[in-house]
>>> print(open('start-v4.cif').read())   # mmCIF, C-alpha atoms and all ligand atoms
data_final
#
loop_
_atom_site.group_PDB
_atom_site.id
_atom_site.type_symbol
_atom_site.label_atom_id
_atom_site.label_comp_id
_atom_site.auth_asym_id
_atom_site.auth_seq_id
_atom_site.Cartn_x
_atom_site.Cartn_y
_atom_site.Cartn_z
ATOM 1 C CA MET A 1 99.873 89.967 107.877
ATOM 2 C CA ARG A 2 97.966 92.350 110.173
ATOM 3 C CA LEU A 3 98.817 96.063 110.159
ATOM 4 C CA GLY A 4 98.263 98.512 113.006
ATOM 5 C CA VAL A 5 98.534 102.282 112.471
ATOM 6 C CA LEU A 6 99.526 104.791 115.158
ATOM 7 C CA ALA A 7 98.345 108.380 114.604
ATOM 8 C CA SER A 8 97.683 111.613 116.478
ATOM 9 C CA GLY A 9 96.865 114.284 113.968
ATOM 10 C CA THR A 10 94.532 115.061 111.113
ATOM 11 C CA GLY A 11 94.910 111.484 109.886
ATOM 12 C CA THR A 12 95.442 112.346 106.232
ATOM 13 C CA ILE A 13 98.329 109.883 105.981
ATOM 14 C CA LEU A 14 96.104 107.202 107.548
ATOM 15 C CA ALA A 15 93.428 108.073 104.974
ATOM 16 C CA ALA A 16 95.994 107.680 102.175
ATOM 17 C CA ILE A 17 96.987 104.250 103.525
ATOM 18 C CA LEU A 18 93.338 103.181 103.419
ATOM 19 C CA GLU A 19 92.801 104.698 99.961
ATOM 20 C CA ALA A 20 95.764 102.674 98.717
ATOM 21 C CA GLY A 21 93.766 99.558 99.593
ATOM 22 C CA ILE A 22 95.904 98.537 102.561
ATOM 23 C CA LYS A 23 93.928 96.648 105.195
ATOM 24 C CA VAL A 24 94.343 98.146 108.668
ATOM 25 C CA ALA A 25 93.418 95.962 111.657
ATOM 26 C CA VAL A 26 93.510 98.683 114.336
ATOM 27 C CA VAL A 27 94.324 102.373 114.730
ATOM 28 C CA VAL A 28 95.889 103.563 117.987
ATOM 29 C CA VAL A 29 95.718 107.270 118.880
ATOM 30 C CA ASP A 30 97.245 109.104 121.838
ATOM 31 C CA ARG A 31 94.724 111.968 122.001
ATOM 32 C CA PRO A 32 91.306 112.920 120.643
ATOM 33 C CA CYS A 33 92.004 113.564 116.954
ATOM 34 C CA ALA A 34 90.587 113.343 113.461
ATOM 35 C CA ALA A 35 92.383 110.049 112.812
ATOM 36 C CA THR A 36 89.783 108.373 115.058
ATOM 37 C CA THR A 37 86.954 109.524 112.802
ATOM 38 C CA ILE A 38 88.809 108.407 109.683
ATOM 39 C CA ALA A 39 89.248 104.965 111.256
ATOM 40 C CA SER A 40 85.652 104.597 112.383
ATOM 41 C CA ASP A 41 84.304 105.845 109.036
ATOM 42 C CA ALA A 42 86.293 103.008 107.470
ATOM 43 C CA GLY A 43 84.913 100.498 109.989
ATOM 44 C CA ILE A 44 88.238 100.119 111.782
ATOM 45 C CA GLU A 45 88.497 100.030 115.540
ATOM 46 C CA ALA A 46 90.314 103.051 116.954
ATOM 47 C CA VAL A 47 91.817 102.567 120.395
ATOM 48 C CA MET A 48 92.615 105.750 122.291
ATOM 49 C CA ILE A 49 95.422 105.395 124.804
ATOM 50 C CA GLN A 50 95.323 108.953 125.956
ATOM 51 C CA ARG A 51 98.495 110.718 126.857
ATOM 52 C CA THR A 52 97.405 112.822 129.778
ATOM 53 C CA SER A 53 100.753 114.201 130.871
ATOM 54 C CA PHE A 54 103.295 116.065 128.764
ATOM 55 C CA GLY A 55 105.639 116.893 131.644
ATOM 56 C CA GLN A 56 108.596 115.237 133.320
ATOM 57 C CA ALA A 57 106.192 112.982 135.178
ATOM 58 C CA PHE A 58 105.129 111.186 132.004
ATOM 59 C CA ASP A 59 105.620 107.457 132.530
ATOM 60 C CA ARG A 60 106.814 106.541 129.044
ATOM 61 C CA GLU A 61 107.403 102.884 129.888
ATOM 62 C CA ALA A 62 103.901 102.381 131.299
ATOM 63 C CA TYR A 63 102.438 104.193 128.311
ATOM 64 C CA THR A 64 104.477 102.082 125.885
ATOM 65 C CA LYS A 65 103.245 98.888 127.583
ATOM 66 C CA GLN A 66 99.644 99.948 126.989
ATOM 67 C CA VAL A 67 100.271 100.631 123.294
ATOM 68 C CA THR A 68 102.098 97.302 122.940
ATOM 69 C CA ALA A 69 99.219 95.490 124.645
ATOM 70 C CA ALA A 70 96.663 97.109 122.324
ATOM 71 C CA LEU A 71 98.608 95.968 119.267
ATOM 72 C CA GLU A 72 99.030 92.481 120.725
ATOM 73 C CA GLU A 73 95.284 92.250 121.451
ATOM 74 C CA HIS A 74 94.707 92.849 117.750
ATOM 75 C CA ALA A 75 97.402 90.337 116.766
ATOM 76 C CA ILE A 76 99.376 92.979 114.872
ATOM 77 C CA ASP A 77 102.387 91.804 112.864
ATOM 78 C CA VAL A 78 103.488 95.143 111.419
ATOM 79 C CA ALA A 79 102.896 98.723 112.579
ATOM 80 C CA ALA A 80 102.977 102.010 110.679
ATOM 81 C CA ILE A 81 103.523 105.283 112.516
ATOM 82 C CA ALA A 82 101.620 107.979 110.653
ATOM 83 C CA GLY A 83 102.235 111.070 112.760
ATOM 84 C CA PHE A 84 102.074 109.719 116.327
ATOM 85 C CA GLY A 85 102.882 112.417 118.867
ATOM 86 C CA THR A 86 104.377 110.236 121.584
ATOM 87 C CA ILE A 87 107.831 108.695 121.474
ATOM 88 C CA LEU A 88 107.592 105.106 122.674
ATOM 89 C CA SER A 89 110.302 103.570 124.800
ATOM 90 C CA ALA A 90 112.850 101.016 123.610
ATOM 91 C CA SER A 91 110.720 98.064 124.758
ATOM 92 C CA PHE A 92 108.339 98.790 121.879
ATOM 93 C CA CYS A 93 111.167 98.564 119.343
ATOM 94 C CA GLU A 94 112.356 95.323 120.915
ATOM 95 C CA ARG A 95 108.881 93.771 120.887
ATOM 96 C CA PHE A 96 108.260 94.692 117.228
ATOM 97 C CA GLU A 97 111.865 94.709 116.062
ATOM 98 C CA GLY A 98 112.174 95.270 112.319
ATOM 99 C CA ARG A 99 108.386 95.423 111.951
ATOM 100 C CA VAL A 100 107.579 99.117 112.457
ATOM 101 C CA LEU A 101 107.779 101.826 109.793
ATOM 102 C CA ASN A 102 107.656 105.581 110.382
ATOM 103 C CA THR A 103 107.167 108.460 107.979
ATOM 104 C CA HIS A 104 109.050 111.641 108.805
ATOM 105 C CA PRO A 105 108.701 115.060 107.121
ATOM 106 C CA SER A 106 112.370 115.702 106.296
ATOM 107 C CA LEU A 107 115.237 114.117 104.442
ATOM 108 C CA LEU A 108 116.745 112.207 107.346
ATOM 109 C CA PRO A 109 119.261 112.360 108.886
ATOM 110 C CA ALA A 110 118.537 116.114 108.605
ATOM 111 C CA PHE A 111 115.955 117.627 110.947
ATOM 112 C CA LYS A 112 115.068 114.764 113.264
ATOM 113 C CA GLY A 113 112.316 115.226 115.818
ATOM 114 C CA TRP A 114 108.924 116.842 116.089
ATOM 115 C CA HIS A 115 109.827 120.249 114.547
ATOM 116 C CA ALA A 116 111.343 119.027 111.279
ATOM 117 C CA VAL A 117 109.399 121.386 109.025
ATOM 118 C CA ASP A 118 110.024 124.528 111.123
ATOM 119 C CA GLU A 119 113.697 123.659 111.415
ATOM 120 C CA ALA A 120 114.071 123.156 107.659
ATOM 121 C CA LEU A 121 112.513 126.596 107.097
ATOM 122 C CA ALA A 122 114.696 128.196 109.759
ATOM 123 C CA ALA A 123 117.824 126.648 108.229
ATOM 124 C CA GLY A 124 116.932 128.132 104.846
ATOM 125 C CA VAL A 125 117.338 124.866 102.933
ATOM 126 C CA LYS A 126 116.022 124.939 99.373
ATOM 127 C CA VAL A 127 115.176 121.257 99.344
ATOM 128 C CA THR A 128 113.681 119.113 102.088
ATOM 129 C CA GLY A 129 111.436 116.080 101.764
ATOM 130 C CA CYS A 130 110.185 112.995 103.511
ATOM 131 C CA THR A 131 111.668 109.736 104.691
ATOM 132 C CA VAL A 132 110.206 106.351 105.474
ATOM 133 C CA HIS A 133 112.391 104.355 107.842
ATOM 134 C CA VAL A 134 112.342 101.314 110.075
ATOM 135 C CA VAL A 135 111.820 102.320 113.706
ATOM 136 C CA THR A 136 114.658 101.645 116.139
ATOM 137 C CA ALA A 137 115.245 102.775 119.714
ATOM 138 C CA GLU A 138 116.997 105.941 118.570
ATOM 139 C CA VAL A 139 114.381 108.443 117.358
ATOM 140 C CA ASP A 140 114.240 109.000 113.551
ATOM 141 C CA ALA A 141 117.496 107.094 113.080
ATOM 142 C CA GLY A 142 116.487 103.633 111.836
ATOM 143 C CA PRO A 143 117.353 102.213 108.403
ATOM 144 C CA ILE A 144 115.931 104.326 105.582
ATOM 145 C CA VAL A 145 113.641 102.466 103.187
ATOM 146 C CA ALA A 146 112.334 105.300 101.004
ATOM 147 C CA GLN A 147 112.962 108.990 100.553
ATOM 148 C CA GLU A 148 111.744 111.758 98.285
ATOM 149 C CA ALA A 149 112.801 115.375 97.895
ATOM 150 C CA VAL A 150 110.391 118.322 98.096
ATOM 151 C CA PRO A 151 111.336 121.914 97.170
ATOM 152 C CA VAL A 152 111.053 124.778 99.633
ATOM 153 C CA LEU A 153 109.448 127.638 97.698
ATOM 154 C CA PRO A 154 109.742 131.393 98.261
ATOM 155 C CA GLY A 155 107.036 132.577 100.646
ATOM 156 C CA ASP A 156 106.587 129.153 102.263
ATOM 157 C CA ASP A 157 105.466 128.989 105.856
ATOM 158 C CA ALA A 158 105.428 125.830 107.962
ATOM 159 C CA ALA A 159 101.862 125.009 106.949
ATOM 160 C CA SER A 160 102.382 125.352 103.189
ATOM 161 C CA LEU A 161 105.675 123.463 103.266
ATOM 162 C CA HIS A 162 104.309 120.686 105.471
ATOM 163 C CA GLU A 163 101.304 120.263 103.186
ATOM 164 C CA ARG A 164 103.606 119.958 100.131
ATOM 165 C CA ILE A 165 105.631 117.320 101.989
ATOM 166 C CA LYS A 166 102.510 115.449 103.094
ATOM 167 C CA THR A 167 101.267 115.309 99.510
ATOM 168 C CA VAL A 168 104.381 113.264 98.762
ATOM 169 C CA GLU A 169 104.124 111.226 101.988
ATOM 170 C CA ARG A 170 100.594 110.170 101.012
ATOM 171 C CA GLU A 171 102.073 108.389 97.970
ATOM 172 C CA LEU A 172 105.402 107.284 99.392
ATOM 173 C CA PHE A 173 104.279 105.813 102.729
ATOM 174 C CA PRO A 174 101.527 103.496 101.411
ATOM 175 C CA ARG A 175 103.869 102.251 98.688
ATOM 176 C CA ALA A 176 106.625 101.609 101.234
ATOM 177 C CA ILE A 177 104.195 99.853 103.602
ATOM 178 C CA LYS A 178 103.059 97.473 100.853
ATOM 179 C CA GLU A 179 106.639 96.577 99.944
ATOM 180 C CA PHE A 180 107.629 96.302 103.599
ATOM 181 C CA MET A 181 104.736 93.965 104.433
ATOM 182 C CA ALA A 182 105.622 91.785 101.482
ATOM 183 C CA SER A 183 109.258 91.610 102.604
ATOM 184 C CA VAL A 184 108.348 90.832 106.224
ATOM 185 C CA ALA A 185 105.984 88.090 105.044
ATOM 186 C CA GLN A 186 108.736 86.523 102.912
ATOM 187 C CA PRO A 187 112.100 87.327 104.481
HETATM 188 C C1 LIG A 201 103.214 113.681 108.680
HETATM 189 O O1 LIG A 201 103.920 114.738 108.080
HETATM 190 C C2 LIG A 201 104.159 112.747 109.380
HETATM 191 O O2 LIG A 201 105.367 112.570 108.719
HETATM 192 C C3 LIG A 201 104.367 113.530 110.649
HETATM 193 O O3 LIG A 201 103.057 113.905 111.012
HETATM 194 C C4 LIG A 201 102.332 114.165 109.819
HETATM 195 C C5 LIG A 201 101.008 113.451 109.917
HETATM 196 O O4 LIG A 201 100.073 114.040 109.056
HETATM 197 N N1 LIG A 201 105.140 112.811 111.622
HETATM 198 P P1 LIG A 201 98.487 113.752 109.173
HETATM 199 O O5 LIG A 201 98.074 114.050 110.578
HETATM 200 O O6 LIG A 201 98.265 112.325 108.786
HETATM 201 O O7 LIG A 201 97.867 114.702 108.167
#
>>> encode(input="start-v4.cif", output="structure tokens", more="lines below")
Ligand code: GRF
Amino acid sequence: MRLGVLASGTGTILAAILEAGIKVAVVVVDRPCAATTIASDAGIEAVMIQRTSFGQAFDREAYTKQVTAALEEHAIDVAAIAGFGTILSASFCERFEGRVLNTHPSLLPAFKGWHAVDEALAAGVKVTGCTVHVVTAEVDAGPIVAQEAVPVLPGDDAASLHERIKTVERELFPRAIKEFMASVAQP
């Protein structure tokens, strides 16, 4: 069972996956980011498929094909999305149907999308959290496999709240990946 990880950010969730002893066959990033260094320090190939356009002109289908091809080249069976900043088109979900997990920094179905932490703060909720779910064509809407609550504390800003959530994600996501890989291997 070969796992690929998609990341864009500081890569701390990727680091937690590696620290949990999960073997990663390839890391795909969409921009220059710290996740690349974390991968190479661990001796894992990091493939950058750079997203050069953030406007209307972005060819999501062509981009998705490149990511799919990179995972296929590395014979990936299961993928984990650990903070990947580009939404892939439906063809990705079809190609890897039921074999991609995402971690999201809210208690889904609340606060879908890229601004989950800011939106939780703006809404004034006292509890938010993180969710691991199977990726489907609809963003942040696939079947939930694990979830944990995190308190919002007085004086929180987006950075402090996100860090508290990520502390939980770093435990929850690796655990969910292990269980998921075992279930995919033996349906
Ligand atoms: C996580 O909160 C993940 O849920 C979100 O992006 C963050 C990635 O964190 N989609 P890091 O870059 O691994 O520290």
>>> closest_atom_pairs(input="start-v4.cif", of="stretch 134-153 of chain A", to="stretch 176-182 of chain A", cutoff="12 Å", atoms="all atoms listed in the file", output="JSON lines")
{"residue": "A:Val134", "atom": "CA", "partner": "A:Phe180", "partner_atom": "CA", "distance": 9.4}
{"residue": "A:Ile144", "atom": "CA", "partner": "A:Ala176", "partner_atom": "CA", "distance": 10.6}
{"residue": "A:Val145", "atom": "CA", "partner": "A:Ala176", "partner_atom": "CA", "distance": 7.3}
{"residue": "A:Ala146", "atom": "CA", "partner": "A:Ala176", "partner_atom": "CA", "distance": 6.8}
{"residue": "A:Gln147", "atom": "CA", "partner": "A:Ala176", "partner_atom": "CA", "distance": 9.8}
{"residue": "A:Glu148", "atom": "CA", "partner": "A:Ala176", "partner_atom": "CA", "distance": 11.7}
>>> write_last_selection(input="start-v4.cif", atoms="C-alpha atoms", output="tab-separated table (two decimals), in the frame of the given file")
chain	number	residue	atom	x	y	z
A	134	VAL	CA	112.34	101.31	110.08
A	144	ILE	CA	115.93	104.33	105.58
A	145	VAL	CA	113.64	102.47	103.19
A	146	ALA	CA	112.33	105.30	101.00
A	147	GLN	CA	112.96	108.99	100.55
A	148	GLU	CA	111.74	111.76	98.28
>>> atom_distance(input="start-v4.cif", atom1="atom CA of A:Ser160", atom2="atom CA of A:Ala16")
18.8 Å
>>> residues_around(input="start-v4.cif", residues="A:Ile17", least_positions_apart="5", cutoff="9 Å", atoms="only C-alpha atoms", output="number ranges by chain")
A: 12, 22-24, 170-171, 173-175, 177
>>> residues_near_ligand(input="start-v4.cif", ligand="ligand LIG 201 (chain A)", cutoff="7 Å", atoms="all atoms listed in the file", output="VMD selection string")
chain A and resid 7 to 14 82 to 84 103 to 105 162 165 to 166 169
>>> closest_residue(input="start-v4.cif", among="A:Ala75, A:Cys130, A:Val47, A:Leu88", to="A:Ala116", atoms="only C-alpha atoms")
A:Cys130
>>> resolve_selection(input="start-v4.cif", expression="the PyMOL selection byres (((chain A and resi 80) around 7) and not hetatm)", output="PDB file with C-alpha atoms, keeping the file's coordinate frame")
ATOM      1  CA  GLY A   4      98.263  98.512 113.006  1.00  0.00           C
ATOM      2  CA  VAL A   5      98.534 102.282 112.471  1.00  0.00           C
ATOM      3  CA  LEU A   6      99.526 104.791 115.158  1.00  0.00           C
ATOM      4  CA  VAL A  78     103.488  95.143 111.419  1.00  0.00           C
ATOM      5  CA  ALA A  79     102.896  98.723 112.579  1.00  0.00           C
ATOM      6  CA  ILE A  81     103.523 105.283 112.516  1.00  0.00           C
ATOM      7  CA  ALA A  82     101.620 107.979 110.653  1.00  0.00           C
ATOM      8  CA  VAL A 100     107.579  99.117 112.457  1.00  0.00           C
ATOM      9  CA  LEU A 101     107.779 101.826 109.793  1.00  0.00           C
ATOM     10  CA  ASN A 102     107.656 105.581 110.382  1.00  0.00           C
TER      11      ASN A 102
END
>>> residues_around(input="start-v4.cif", residues="A:Arg95", least_positions_apart="3", cutoff="8 Å", atoms="all atoms listed in the file", output="list in words")
Thr68, Ser91 and Phe92 of chain A
>>> closest_residue(input="start-v4.cif", among="A:Ala123, A:Ile44, A:Ile76, A:Ile38", to="A:Met1", atoms="all atoms listed in the file")
A:Ile76
>>> resolve_selection(input="start-v4.cif", expression="the PyMOL selection byres (((chain A and resi 109) around 10) and not hetatm)", output="list in words")
Ser106, Leu107, Leu108, Ala110, Phe111, Lys112, Thr131, Asp140, Ala141, Gly142 and Ile144 of chain A
>>> resolve_selection(input="start-v4.cif", expression="the PyMOL selection byres (((chain A and resi 73) around 12) and not hetatm)", output="list in words")
Arg2, Gly4, Ala25, Val26, Val28, Glu45, Val47, Gln66, Val67, Thr68, Ala69, Ala70, Leu71, Glu72, His74, Ala75, Ile76 and Asp77 of chain A
>>> atom_distance(input="start-v4.cif", atom1="atom CA of A:Asp118", atom2="atom CA of A:Leu18")
28.2 Å
>>> closest_residue(input="start-v4.cif", among="A:Met48, A:Ala39, A:Leu3, A:Val168", to="A:Val150", atoms="all atoms listed in the file")
A:Val168
>>> atom_distance(input="start-v4.cif", atom1="atom CA of A:Glu61", atom2="atom CA of A:Ile87")
10.2 Å
>>> closest_residue(input="start-v4.cif", among="A:Arg31, A:Lys65, A:Arg60, A:Arg99", to="A:Pro143", atoms="only C-alpha atoms")
A:Arg99
>>> residues_near_point(input="start-v4.cif", point="(109.3, 125.6, 104.8)", cutoff="12 Å", atoms="all atoms listed in the file", output="PDB file with C-alpha atoms, in the coordinates of the input")
ATOM      1  CA  PRO A 105     108.701 115.060 107.121  1.00  0.00           C
ATOM      2  CA  SER A 106     112.370 115.702 106.296  1.00  0.00           C
ATOM      3  CA  HIS A 115     109.827 120.249 114.547  1.00  0.00           C
ATOM      4  CA  ALA A 116     111.343 119.027 111.279  1.00  0.00           C
ATOM      5  CA  VAL A 117     109.399 121.386 109.025  1.00  0.00           C
ATOM      6  CA  ASP A 118     110.024 124.528 111.123  1.00  0.00           C
ATOM      7  CA  GLU A 119     113.697 123.659 111.415  1.00  0.00           C
ATOM      8  CA  ALA A 120     114.071 123.156 107.659  1.00  0.00           C
ATOM      9  CA  LEU A 121     112.513 126.596 107.097  1.00  0.00           C
ATOM     10  CA  ALA A 122     114.696 128.196 109.759  1.00  0.00           C
ATOM     11  CA  ALA A 123     117.824 126.648 108.229  1.00  0.00           C
ATOM     12  CA  GLY A 124     116.932 128.132 104.846  1.00  0.00           C
ATOM     13  CA  VAL A 125     117.338 124.866 102.933  1.00  0.00           C
ATOM     14  CA  LYS A 126     116.022 124.939  99.373  1.00  0.00           C
ATOM     15  CA  VAL A 127     115.176 121.257  99.344  1.00  0.00           C
ATOM     16  CA  THR A 128     113.681 119.113 102.088  1.00  0.00           C
ATOM     17  CA  GLY A 129     111.436 116.080 101.764  1.00  0.00           C
ATOM     18  CA  VAL A 150     110.391 118.322  98.096  1.00  0.00           C
ATOM     19  CA  PRO A 151     111.336 121.914  97.170  1.00  0.00           C
ATOM     20  CA  VAL A 152     111.053 124.778  99.633  1.00  0.00           C
ATOM     21  CA  LEU A 153     109.448 127.638  97.698  1.00  0.00           C
ATOM     22  CA  PRO A 154     109.742 131.393  98.261  1.00  0.00           C
ATOM     23  CA  GLY A 155     107.036 132.577 100.646  1.00  0.00           C
ATOM     24  CA  ASP A 156     106.587 129.153 102.263  1.00  0.00           C
ATOM     25  CA  ASP A 157     105.466 128.989 105.856  1.00  0.00           C
ATOM     26  CA  ALA A 158     105.428 125.830 107.962  1.00  0.00           C
ATOM     27  CA  ALA A 159     101.862 125.009 106.949  1.00  0.00           C
ATOM     28  CA  SER A 160     102.382 125.352 103.189  1.00  0.00           C
ATOM     29  CA  LEU A 161     105.675 123.463 103.266  1.00  0.00           C
ATOM     30  CA  HIS A 162     104.309 120.686 105.471  1.00  0.00           C
ATOM     31  CA  GLU A 163     101.304 120.263 103.186  1.00  0.00           C
ATOM     32  CA  ARG A 164     103.606 119.958 100.131  1.00  0.00           C
ATOM     33  CA  ILE A 165     105.631 117.320 101.989  1.00  0.00           C
TER      34      ILE A 165
END
>>> closest_residue(input="start-v4.cif", among="A:Gln50, A:Ser40, A:Ser183, A:Thr167", to="A:Gly85", atoms="all atoms listed in the file")
A:Gln50
>>> closest_residue(input="start-v4.cif", among="A:Gln186, A:Thr64, A:Thr37, A:Thr86", to="A:Ala15", atoms="only C-alpha atoms")
A:Thr37
